[in-house]
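Listing of final00.cif; format and content: mmCIF, C-alpha atoms and all ligand atoms.
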```
data_query
loop_
_atom_site.label_atom_id
_atom_site.label_comp_id
_atom_site.auth_asym_id
_atom_site.auth_seq_id
_atom_site.Cartn_x
_atom_site.Cartn_y
_atom_site.Cartn_z
CA MET A 1 7.85 30.80 -16.45
CA GLU A 2 8.08 32.26 -12.98
CA THR A 3 7.76 29.67 -10.22
CA GLN A 4 5.63 30.83 -7.28
CA ILE A 5 6.78 29.56 -3.88
CA ARG A 6 4.18 29.32 -1.12
CA ARG A 7 5.07 28.45 2.47
CA LEU A 8 2.44 26.42 4.31
CA ASP A 9 2.04 25.79 8.02
CA TYR A 10 0.79 22.35 9.08
CA ASP A 11 -0.96 23.85 12.11
CA LYS A 12 -3.10 26.05 9.89
CA ILE A 13 -3.05 24.91 6.26
CA ASP A 14 -4.16 27.91 4.19
CA ASP A 15 -7.13 26.86 2.03
CA ASN A 16 -6.61 29.76 -0.36
CA ILE A 17 -3.14 28.55 -1.26
CA ILE A 18 -4.32 24.95 -1.58
CA ASN A 19 -7.16 26.03 -3.87
CA GLU A 20 -4.82 28.16 -5.97
CA ALA A 21 -2.46 25.17 -6.35
CA GLY A 22 -5.37 22.81 -7.05
CA GLN A 23 -6.58 25.14 -9.80
CA ILE A 24 -3.14 25.09 -11.44
CA LEU A 25 -3.29 21.28 -11.53
CA ARG A 26 -6.85 21.26 -12.88
CA ASN A 27 -5.69 23.61 -15.65
CA GLY A 28 -2.93 21.22 -16.67
CA GLY A 29 -0.06 22.97 -14.84
CA LEU A 30 2.55 21.57 -12.44
CA VAL A 31 2.90 22.04 -8.67
CA ALA A 32 5.62 20.53 -6.47
CA PHE A 33 4.43 19.57 -3.01
CA PRO A 34 5.68 17.94 0.19
CA THR A 35 4.89 14.34 1.08
CA GLU A 36 6.09 12.32 4.08
CA THR A 37 8.66 10.55 1.84
CA VAL A 38 10.11 13.15 -0.55
CA TYR A 39 8.73 16.15 -2.48
CA GLY A 40 6.57 15.25 -5.47
CA LEU A 41 6.27 16.99 -8.85
CA GLY A 42 2.52 16.95 -9.35
CA GLY A 43 0.30 17.08 -12.41
CA ASP A 44 -3.25 15.90 -13.13
CA ALA A 45 -2.85 12.11 -13.47
CA LEU A 46 -5.84 11.76 -15.79
CA ASN A 47 -4.61 14.44 -18.22
CA PRO A 48 -2.06 13.05 -20.70
CA GLU A 49 -0.68 16.53 -21.41
CA SER A 50 0.12 17.05 -17.72
CA SER A 51 2.14 13.84 -17.69
CA GLU A 52 4.05 14.98 -20.79
CA LYS A 53 4.87 18.20 -18.98
CA ILE A 54 6.13 16.27 -15.94
CA TYR A 55 8.51 14.23 -18.09
CA ALA A 56 9.76 17.39 -19.79
CA ALA A 57 10.25 19.37 -16.54
CA LYS A 58 12.25 16.52 -14.98
CA GLY A 59 14.14 15.61 -18.16
CA ARG A 60 12.82 12.10 -17.53
CA PRO A 61 12.50 9.36 -20.17
CA SER A 62 8.79 8.94 -20.90
CA ASP A 63 8.95 5.12 -20.58
CA ASN A 64 9.38 5.60 -16.83
CA PRO A 65 5.88 5.55 -15.31
CA LEU A 66 4.52 7.96 -12.70
CA ILE A 67 2.88 7.17 -9.36
CA VAL A 68 -0.76 8.27 -9.09
CA HIS A 69 -1.48 9.84 -5.69
CA ILE A 70 -4.95 9.69 -4.15
CA ALA A 71 -6.46 11.14 -0.97
CA ASP A 72 -9.35 8.72 -0.47
CA LYS A 73 -9.09 4.89 -0.49
CA LYS A 74 -12.34 4.66 -2.46
CA ASP A 75 -10.73 6.49 -5.38
CA LEU A 76 -8.44 3.51 -5.99
CA TYR A 77 -11.42 1.55 -7.36
CA ARG A 78 -12.04 4.27 -9.97
CA ILE A 79 -8.69 3.78 -11.74
CA VAL A 80 -7.84 0.06 -11.49
CA ARG A 81 -9.37 -3.14 -12.92
CA GLU A 82 -9.22 -5.14 -9.71
CA VAL A 83 -7.97 -4.86 -6.14
CA PRO A 84 -6.66 -8.20 -4.82
CA GLU A 85 -7.68 -9.07 -1.28
CA LYS A 86 -4.05 -8.87 -0.11
CA ALA A 87 -3.86 -5.31 -1.40
CA GLU A 88 -6.95 -4.43 0.63
CA ARG A 89 -5.24 -5.71 3.74
CA LEU A 90 -2.08 -3.72 3.00
CA MET A 91 -4.24 -0.62 2.43
CA GLU A 92 -5.86 -1.18 5.83
CA SER A 93 -2.48 -1.34 7.53
CA PHE A 94 -0.33 1.14 5.61
CA TRP A 95 -2.53 3.73 3.85
CA PRO A 96 -2.25 6.60 4.15
CA GLY A 97 1.53 6.24 4.22
CA PRO A 98 4.80 5.48 2.40
CA LEU A 99 3.56 2.46 0.42
CA THR A 100 2.94 2.39 -3.34
CA MET A 101 1.05 -0.55 -4.86
CA ILE A 102 0.86 -1.60 -8.50
CA PHE A 103 -2.43 -2.74 -10.08
CA TYR A 104 -3.85 -3.37 -13.55
CA LYS A 105 -5.12 0.03 -14.67
CA ASN A 106 -8.46 0.80 -16.28
CA GLU A 107 -9.13 3.14 -19.22
CA GLN A 108 -9.37 6.21 -16.98
CA VAL A 109 -5.58 6.31 -16.68
CA PRO A 110 -3.78 7.59 -19.79
CA GLU A 111 -0.85 5.55 -21.07
CA THR A 112 1.42 8.59 -20.88
CA THR A 113 1.00 8.49 -17.09
CA THR A 114 2.01 4.81 -16.95
CA GLY A 115 4.79 5.00 -19.52
CA GLY A 116 2.82 2.75 -21.86
CA LEU A 117 2.29 -0.02 -19.26
CA ASP A 118 -1.10 -1.63 -18.55
CA THR A 119 -0.43 -1.33 -14.82
CA VAL A 120 -0.54 1.75 -12.60
CA ALA A 121 1.31 2.57 -9.38
CA VAL A 122 -0.94 4.13 -6.71
CA ARG A 123 -0.12 5.72 -3.37
CA MET A 124 -2.16 7.51 -0.70
CA PRO A 125 0.24 9.84 1.17
CA SER A 126 -0.29 10.68 4.84
CA ASP A 127 1.14 14.20 4.51
CA ARG A 128 -1.74 16.61 5.14
CA ILE A 129 -0.65 19.22 2.60
CA ALA A 130 -0.36 16.51 -0.05
CA SER A 131 -3.77 15.18 0.85
CA ALA A 132 -5.43 18.62 0.73
CA LEU A 133 -3.79 19.37 -2.63
CA ILE A 134 -4.89 16.05 -4.16
CA LYS A 135 -8.50 16.75 -3.13
CA ALA A 136 -8.33 20.30 -4.49
CA ALA A 137 -6.96 18.95 -7.79
CA GLY A 138 -9.84 16.51 -8.31
CA GLY A 139 -8.47 13.39 -6.65
CA PHE A 140 -5.70 12.00 -8.87
CA VAL A 141 -2.24 13.57 -8.90
CA ALA A 142 0.64 11.99 -10.84
CA ALA A 143 3.89 12.75 -9.05
CA PRO A 144 7.41 11.49 -9.46
CA SER A 145 10.02 12.76 -7.03
CA ALA A 146 10.52 16.50 -7.63
CA ASN A 147 14.12 16.38 -8.83
CA VAL A 148 15.81 16.65 -12.19
CA SER A 149 16.15 13.11 -13.52
CA GLY A 150 19.31 11.44 -12.19
CA ARG A 151 19.79 13.77 -9.22
CA PRO A 152 18.96 12.86 -5.61
CA SER A 153 15.28 13.17 -4.72
CA THR A 154 14.28 16.39 -2.97
CA THR A 155 13.49 16.54 0.75
CA THR A 156 13.08 20.34 1.10
CA ALA A 157 11.45 23.07 -0.98
CA ALA A 158 14.89 24.64 -1.44
CA HIS A 159 16.08 21.44 -3.18
CA VAL A 160 13.04 21.56 -5.44
CA GLU A 161 13.76 25.19 -6.29
CA GLU A 162 17.38 24.29 -7.10
CA ASP A 163 16.24 21.70 -9.66
CA LEU A 164 12.93 22.98 -11.05
CA ASN A 165 12.82 26.76 -10.66
CA GLY A 166 11.38 28.30 -13.83
CA ARG A 167 10.04 24.95 -15.08
CA ILE A 168 6.88 24.61 -12.98
CA GLU A 169 4.08 26.94 -11.86
CA MET A 170 4.32 26.52 -8.09
CA ILE A 171 6.19 24.96 -5.17
CA LEU A 172 4.38 24.34 -1.89
CA ASP A 173 6.90 24.55 0.95
CA GLY A 174 6.04 22.34 3.92
CA GLY A 175 9.54 22.13 5.40
CA GLN A 176 11.64 18.99 5.54
CA ALA A 177 10.17 15.64 4.46
CA VAL A 178 10.10 13.45 7.57
CA ILE A 179 11.07 10.08 6.04
CA GLY A 180 13.47 11.34 3.39
CA LEU A 181 13.45 8.22 1.16
CA GLU A 182 10.84 7.38 -1.49
CA SER A 183 7.96 5.00 -0.76
CA THR A 184 8.18 1.22 -0.79
CA ILE A 185 6.82 -0.12 -4.10
CA VAL A 186 5.09 -3.50 -4.20
CA ASP A 187 3.65 -5.08 -7.32
CA MET A 188 0.21 -6.50 -6.45
CA SER A 189 -0.49 -7.59 -10.04
CA THR A 190 1.46 -10.83 -9.45
CA GLU A 191 1.19 -13.62 -6.90
CA PRO A 192 3.05 -13.59 -4.58
CA PRO A 193 3.41 -9.81 -4.66
CA VAL A 194 6.92 -8.50 -5.42
CA ILE A 195 8.79 -5.63 -3.77
CA LEU A 196 10.23 -3.44 -6.54
CA ARG A 197 11.73 -0.74 -4.31
CA PRO A 198 12.48 -0.94 -0.57
CA GLY A 199 11.25 1.90 1.67
CA ALA A 200 9.98 2.74 5.14
CA VAL A 201 7.27 0.07 4.97
CA THR A 202 9.54 -2.96 5.22
CA LYS A 203 9.21 -6.52 3.90
CA GLU A 204 8.79 -7.77 7.48
CA MET A 205 6.00 -5.26 8.18
CA MET A 206 4.08 -6.36 5.08
CA GLU A 207 4.71 -10.08 5.64
CA ALA A 208 3.16 -9.76 9.09
CA VAL A 209 -0.05 -8.72 7.31
CA ILE A 210 -0.18 -10.82 4.10
CA GLY A 211 2.49 -13.52 4.40
CA ASN A 212 5.17 -14.32 1.84
CA LEU A 213 6.47 -11.56 -0.45
CA GLU A 214 9.22 -11.70 -3.04
CA VAL A 215 11.88 -9.10 -3.72
CA ASP A 216 12.70 -8.11 -7.31
CA LYS A 217 16.00 -9.84 -8.16
CA ALA A 218 17.32 -6.64 -9.68
CA ILE A 219 17.34 -5.18 -6.14
CA ILE A 220 19.01 -8.16 -4.45
CA ALA A 221 21.71 -8.70 -7.09
CA PRO A 222 22.09 -5.48 -9.06
CA ASP A 223 24.85 -6.90 -11.25
CA SER A 224 22.86 -9.98 -12.24
CA GLY A 225 21.76 -8.39 -15.51
CA VAL A 226 18.13 -9.00 -14.53
CA LYS A 227 15.94 -6.19 -15.84
CA PRO A 228 14.19 -4.43 -12.93
CA LYS A 229 10.38 -4.54 -13.02
CA ALA A 230 10.13 -0.88 -11.99
CA PRO A 231 11.44 0.84 -15.14
CA GLY A 232 12.90 3.65 -13.03
CA MET A 233 15.15 1.29 -11.13
CA LYS A 234 17.28 0.64 -14.22
CA TYR A 235 18.49 4.21 -14.48
CA ARG A 236 21.57 5.54 -12.70
CA HIS A 237 20.15 7.61 -9.90
CA TYR A 238 21.07 9.98 -7.13
CA ALA A 239 24.66 10.17 -8.33
CA PRO A 240 26.70 13.02 -6.88
CA ARG A 241 29.17 14.75 -9.23
CA ALA A 242 32.17 13.23 -7.40
CA ASP A 243 33.03 9.50 -7.52
CA LEU A 244 31.27 7.80 -4.64
CA ALA A 245 32.30 4.48 -3.10
CA VAL A 246 30.63 2.69 -0.18
CA VAL A 247 33.01 1.10 2.32
CA GLU A 248 31.70 -2.03 4.04
CA GLY A 249 33.10 -3.80 7.09
CA THR A 250 33.15 -3.43 10.85
CA THR A 251 32.96 0.20 11.97
CA GLU A 252 36.57 0.21 13.15
CA ALA A 253 37.85 -1.31 9.90
CA VAL A 254 35.82 1.14 7.84
CA ILE A 255 37.16 4.19 9.69
CA ALA A 256 40.74 2.96 9.34
CA ALA A 257 40.32 2.18 5.64
CA ILE A 258 38.69 5.53 4.82
CA ASN A 259 41.46 7.42 6.66
CA ARG A 260 44.10 5.46 4.74
CA MET A 261 42.44 5.95 1.33
CA ALA A 262 41.83 9.64 2.04
CA GLU A 263 45.50 10.12 2.82
CA GLN A 264 46.56 8.40 -0.42
CA ASP A 265 44.08 10.41 -2.48
CA GLU A 266 45.23 13.69 -0.96
CA GLU A 267 48.85 12.79 -1.70
CA GLN A 268 47.75 12.52 -5.33
CA GLY A 269 46.24 15.98 -5.13
CA LYS A 270 42.61 14.87 -4.92
CA LYS A 271 40.02 16.45 -2.65
CA VAL A 272 38.20 13.90 -0.52
CA GLY A 273 34.68 13.85 0.94
CA ILE A 274 33.48 11.48 3.67
CA ILE A 275 29.90 10.47 4.55
CA ALA A 276 30.00 9.68 8.26
CA THR A 277 27.73 9.57 11.29
CA ASP A 278 27.63 11.61 14.51
CA GLU A 279 29.35 8.74 16.34
CA THR A 280 32.25 8.53 13.86
CA ALA A 281 32.66 12.00 12.26
CA ALA A 282 35.39 13.19 14.65
CA ARG A 283 37.54 10.18 13.85
CA TYR A 284 38.35 11.28 10.31
CA ALA A 285 41.58 13.20 10.19
CA ARG A 286 41.18 14.81 6.77
CA GLY A 287 38.74 15.61 3.98
CA THR A 288 35.31 17.25 4.00
CA VAL A 289 33.22 15.25 6.46
CA PHE A 290 29.40 15.37 6.47
CA SER A 291 27.38 13.43 9.02
CA LEU A 292 24.04 11.78 8.24
CA GLY A 293 23.07 11.88 11.94
CA GLU A 294 23.17 9.32 14.69
CA ARG A 295 23.93 5.81 13.48
CA LYS A 296 21.72 4.34 16.17
CA HIS A 297 18.73 6.27 14.76
CA GLU A 298 18.32 4.85 11.28
CA GLU A 299 15.38 7.17 10.55
CA GLU A 300 17.72 10.12 10.99
CA ILE A 301 20.20 8.62 8.50
CA ALA A 302 17.37 8.05 6.01
CA MET A 303 16.09 11.61 6.44
CA HIS A 304 19.46 13.21 5.65
CA LEU A 305 20.89 10.96 2.93
CA PHE A 306 19.69 12.88 -0.13
CA GLU A 307 20.50 16.21 1.49
CA VAL A 308 24.10 15.16 2.15
CA LEU A 309 24.50 13.86 -1.42
CA ARG A 310 23.29 17.24 -2.66
CA ASP A 311 25.54 19.12 -0.22
CA PHE A 312 28.57 17.38 -1.72
CA ASP A 313 27.63 18.79 -5.13
CA ASP A 314 28.19 22.26 -3.64
CA THR A 315 31.77 21.34 -2.67
CA ASP A 316 34.76 20.70 -4.95
CA VAL A 317 35.57 17.18 -3.74
CA ASP A 318 36.75 14.68 -6.38
CA CYS A 319 35.84 11.49 -4.55
CA ILE A 320 33.60 10.51 -1.66
CA TYR A 321 33.78 7.55 0.70
CA SER A 322 30.67 6.57 2.61
CA GLU A 323 30.22 4.36 5.62
CA SER A 324 27.60 1.63 5.15
CA PHE A 325 24.49 0.87 7.18
CA GLU A 326 22.69 -2.01 8.86
CA GLU A 327 20.42 -4.11 6.72
CA ALA A 328 17.65 -4.12 9.37
CA SER A 329 14.36 -2.13 9.27
CA ILE A 330 14.83 0.92 6.98
CA GLY A 331 18.48 -0.14 6.40
CA PRO A 332 17.77 -1.93 3.09
CA ALA A 333 16.13 1.23 1.75
CA ILE A 334 19.10 3.36 2.83
CA MET A 335 21.61 0.93 1.30
CA ASN A 336 19.55 0.62 -1.91
CA ARG A 337 19.72 4.42 -2.49
CA LEU A 338 23.36 4.70 -1.38
CA LEU A 339 24.53 1.84 -3.61
CA LYS A 340 22.64 3.29 -6.58
CA ALA A 341 24.25 6.67 -5.94
CA ALA A 342 27.63 4.90 -5.94
CA GLY A 343 26.88 3.00 -9.14
CA HIS A 344 27.36 -0.09 -6.91
CA LYS A 345 31.01 0.69 -6.21
CA VAL A 346 31.68 -1.11 -2.92
CA ILE A 347 35.00 -1.47 -1.12
CA HIS A 348 35.02 -4.43 1.32
CA VAL A 349 37.42 -4.07 4.23
O1 LIG B 1 7.68 8.35 -2.24
C1 LIG B 1 7.42 8.33 -3.45
O2 LIG B 1 7.05 7.30 -4.03
C2 LIG B 1 7.58 9.63 -4.24
C3 LIG B 1 6.55 10.63 -3.71
C4 LIG B 1 6.52 11.90 -4.49
O3 LIG B 1 5.31 10.01 -3.65
N1 LIG B 1 7.46 9.41 -5.65
C5 LIG B 1 8.42 8.76 -6.37
O4 LIG B 1 8.16 8.67 -7.72
O5 LIG B 1 9.43 8.29 -5.88
P1 LIG B 1 9.28 8.33 -8.81
O6 LIG B 1 8.62 8.56 -10.10
O7 LIG B 1 10.51 9.10 -8.55
O8 LIG B 1 9.53 6.79 -8.62
C6 LIG B 1 8.51 5.89 -9.01
C7 LIG B 1 9.08 4.55 -9.37
C8 LIG B 1 9.89 4.54 -10.64
O9 LIG B 1 11.05 3.73 -10.44
C9 LIG B 1 8.94 3.90 -11.63
O10 LIG B 1 9.63 3.20 -12.65
C10 LIG B 1 8.14 2.95 -10.76
O11 LIG B 1 7.97 3.68 -9.57
N2 LIG B 1 6.80 2.66 -11.31
C11 LIG B 1 5.79 3.52 -11.49
N3 LIG B 1 4.74 2.92 -12.07
C12 LIG B 1 5.08 1.62 -12.25
C13 LIG B 1 4.44 0.48 -12.81
N4 LIG B 1 3.22 0.54 -13.32
N5 LIG B 1 5.13 -0.69 -12.83
C14 LIG B 1 6.38 -0.77 -12.33
N6 LIG B 1 7.05 0.28 -11.78
C15 LIG B 1 6.42 1.46 -11.75
MG MG B 2 12.47 9.54 -8.49
#
```

Please re-express this file's structure in structure tokens.
Ligand code: TXA
Ligand code: MG
Amino acid sequence: METQIRRLDYDKIDDNIINEAGQILRNGGLVAFPTETVYGLGGDALNPESSEKIYAAKGRPSDNPLIVHIADKKDLYRIVREVPEKAERLMESFWPGPLTMIFYKNEQVPETTTGGLDTVAVRMPSDRIASALIKAAGGFVAAPSANVSGRPSTTTAAHVEEDLNGRIEMILDGGQAVIGLESTIVDMSTEPPVILRPGAVTKEMMEAVIGNLEVDKAIIAPDSGVKPKAPGMKYRHYAPRADLAVVEGTTEAVIAAINRMAEQDEEQGKKVGIIATDETAARYARGTVFSLGERKHEEEIAMHLFEVLRDFDDTDVDCIYSESFEEASIGPAIMNRLLKAAGHKVIHV
């Protein structure tokens, strides 16, 4: 199959292209599209065959459910059994935006879309191309991140092309995704609600609206053996080809340790990569150094993380050391993705 790539301009979103893409989805085909978090690989959420195609295109296990994207809050009530009052308050505050909520599904949603579960994850993105596409497709678009299963999520159309060219009908190119990490997921089918994946909508932001929230233990203590509630969180994810380790400690100690380990590795003939920040990049004496941006701007770090992990796959480094990041605001989301990419290999210094 030949994948069509269509560039869209946010100042003047071309209705013809949106309608063409919407028609592909209505006919059971697949279209990748930008959202404010990462690019999504879209199919008609109410068509079981579309969901099958999504799993096949991504090489994703079909027990790993898809998020259903909507463009109108009212449409939520058409696919779920009930909407708890707390969910309504979160919708008021954070939809449209980078928040996914889990509800008991009704019979409109095929089990292929939810990986056999009786719950469904729903999100209303704020990205205007995404929103226009969802409307053109009939209102319900199932979309996992538009990457081959196991690879870092995609934050540009070029990344999507790298992973999915020839496997899907169309890619809508809206430039770089502004957040760069996938949405926060919160399970509203339990009381208190439970955060299954950290993202740009933080625990503190949600607690200010609805009070106490829990965090899935599989996120807090990944080695605890607790099975994550979001099936996707159990899979190794985002892993670059090279061995990645995250180095934790004070900034000075981390820089010294990475320089020392890089020297030892090079003596053994290994090629070393380093994930640094604008403030620290010049302090590494050897290795291939990529910066995530300014450490003091966490949103910049979040935006570039997946891109830098992908960039390392285009180099021939054998091992990568990464600096670690603050646990405040979007920090937990950054560290969650980084630690998963490293298979939880952490060096404390
Ligand atoms: O930002 C995002 O959420 C992006 C964009 C495209 O919207 N989408 C995304 O989808 O990250 P995906 O499929 O890569 O990640 C969805 C996660 C998976 O870990 C999946 O297991 C979990 O959500 N999930 C989906 N439905 C669920 C459900 N009913 N119960 C528990 N976890 C669920
Ligand atoms: Mg994903």

6 Å from ligand LIG 1 (chain B) is the threshold here; counting all atoms listed in the file, which polymer residues fall inside it? Answer as number ranges by chain.
A: 37-40, 64-67, 102, 114, 119-121, 143-145, 182-183, 229-233

Might you pull out every residue within 7 Å of Cys319 (chain A), with only C-alpha atoms counted and same-chain residues fewer than 4 positions away left off, and present them as number ranges by chain?
A: 242-244, 271-273

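Residues within 9 Å of Leu292 (chain A), counting all atoms listed in the file and excluding same-chain residues fewer than 5 positions away, are Ile275, Ala276, Thr277, Asp278, Glu300, Ile301, Ala302, Met303, His304, Leu305, Glu307 and Val308 of chain A.
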
Would you kindly return, as a PDB file with C-alpha atoms, in the coordinates of the input, each protein, DNA or RNA residue with an atom no farther than 7 Å from any atom of region 339-344 of chain A, considering only C-alpha atoms and excluding same-chain residues fewer than 5 positions away?
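Produced file out04.pdb, reproduced below:
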```pdb
ATOM      1  CA  ARG A 236      21.570   5.540 -12.700  1.00  0.00           C
ATOM      2  CA  HIS A 237      20.150   7.610  -9.900  1.00  0.00           C
ATOM      3  CA  TYR A 238      21.070   9.980  -7.130  1.00  0.00           C
ATOM      4  CA  ALA A 239      24.660  10.170  -8.330  1.00  0.00           C
ATOM      5  CA  PRO A 240      26.700  13.020  -6.880  1.00  0.00           C
ATOM      6  CA  LEU A 244      31.270   7.800  -4.640  1.00  0.00           C
ATOM      7  CA  ALA A 245      32.300   4.480  -3.100  1.00  0.00           C
ATOM      8  CA  VAL A 246      30.630   2.690  -0.180  1.00  0.00           C
TER       9      VAL A 246
END
```

Smallest atom-to-atom distance to Glu248 (chain A): which of A:Val148, A:Ile347, A:Ile17, A:Leu90, using all atoms listed in the file?
A:Ile347

Which residues, written as a list of chain:residue names, have at least one atom at most 8 Å from Val194 (chain A), with all atoms listed in the file counted and residues fewer than 2 positions away on the same chain left out?
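Those residues are A:Val186, A:Asp187, A:Met188, A:Thr190, A:Glu191, A:Pro192, A:Leu196, A:Leu213, A:Glu214, A:Val215, A:Asp216.
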
Spatial neighbours of Tyr77 (chain A), max dist 10 Å, all atoms listed in the file, sep filter under 5 positions, as a PyMOL selection string:
chain A and resi 82-83+105-106

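Distances to Phe33 (chain A) were evaluated for A:Lys74, A:Arg128, A:Lys12, A:Lys203 using all atoms listed in the file, and the minimum falls at A:Arg128.
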
Please measure the separation of CA of Asp63 (chain A) and CA of Gly139 (chain A), giving the value in Å to one decimal.
23.8 Å

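Nearest residue to ligand MG 2 (chain B) among A:Pro228, A:Gly138, A:Pro152, A:Pro198 is A:Pro152, counting only C-alpha atoms and all ligand atoms.
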